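Chemist: My questions will all concern the structure given below.
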Amino acid sequence: MALKDTLARLNDINLNEIDLNDLDLSSAGLWPGPVKVICGIALGLVLSLAGYFFLITDLQSELARVVQQESTLKSDYAEKYRQSALLEDYRQQAKEMEANFRMILSQLPSDTEIPGLIDDINKVGTANGLIFNKIDLLPEVILEYYVEKPIRIEVVGGYHDLGAFVSDVADLSRIVTLHDFTIKPVGGGEVGRLLRMEITAKTYRYKDGAST
């Protein structure tokens, strides 16, 4: 009955008879009942719209976050799936790398082969017409997986002979690398005179075979 009465009173209101200038918020309690109802409904609509707006905004932000998260998860899943599909290939490559590593280790000389390496270097130098001033074994350098065995060499010969010697030493069956070379003319430095070359040859052995 109260709702019916209120609706009936609203229908009876003549909005032209209401002077908005006479409505004072400080005396809202004295406003006519229908006016109070209209204002209450209007206020309720405003609050409802404001709440709906803020709720929708929060939901849209949450939706955007979830969509971004979904995209990230899909990317992570695709990457992990790709890695798992390649896992067998990686294992095969690891086996091949281990086999190659063992083959390289088999080329590393043992202590008893160092004299043979020096003989090979001497033969290569003599074949290229070089004169050896010295071949000195330097202290070993112990690294993480292997041991370096440096050999300091000093030879005398022509420019092209020195070049051929370096190339032939690098082609030896044992693993030998060449470092820190210097070349100086012998006596006065006239054109066509002999050259003196100092160079360090390094060979290697596996660390497990290193003496303690």
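Letters A, B, ... mark the chains of the structure tokens in the order given; residue numbers begin at 1 per chain; ligand numbers begin at 1, in order shown.
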Applying 12 Å and only C-alpha atoms, which residues near segment 126-143 of chain A remain after dropping the ones on its own chain fewer than 2 positions away? List them as a PyMOL selection string.
Modeler: chain A and resi 111+114-115+117-124+145-169+194-212
Chemist: Report, in Å to a single decimal, how far apart atom CA of Phe101 of chain A and atom CA of Gly116 of chain A are.
Modeler: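 Answer for the atom CA of Gly116 of chain A to atom CA of Phe101 of chain A separation: 23.4 Å.
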Chemist: I'd like to know which residues of segment 31-208 of chain A are strand (DSSP E or B) (by DSSP, run on the backbone); could you write them as a VMD selection string?
Modeler: chain A and resid 131 to 137 141 to 142 146 to 157 176 to 185 195 to 206
Chemist: When you draw a straight line from atom CA of Gln69 of chain A to atom CA of Tyr81 of chain A, how long is it in Å?
Modeler: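 Between atom CA of Gln69 of chain A and atom CA of Tyr81 of chain A the gap works out to 18.0 Å.
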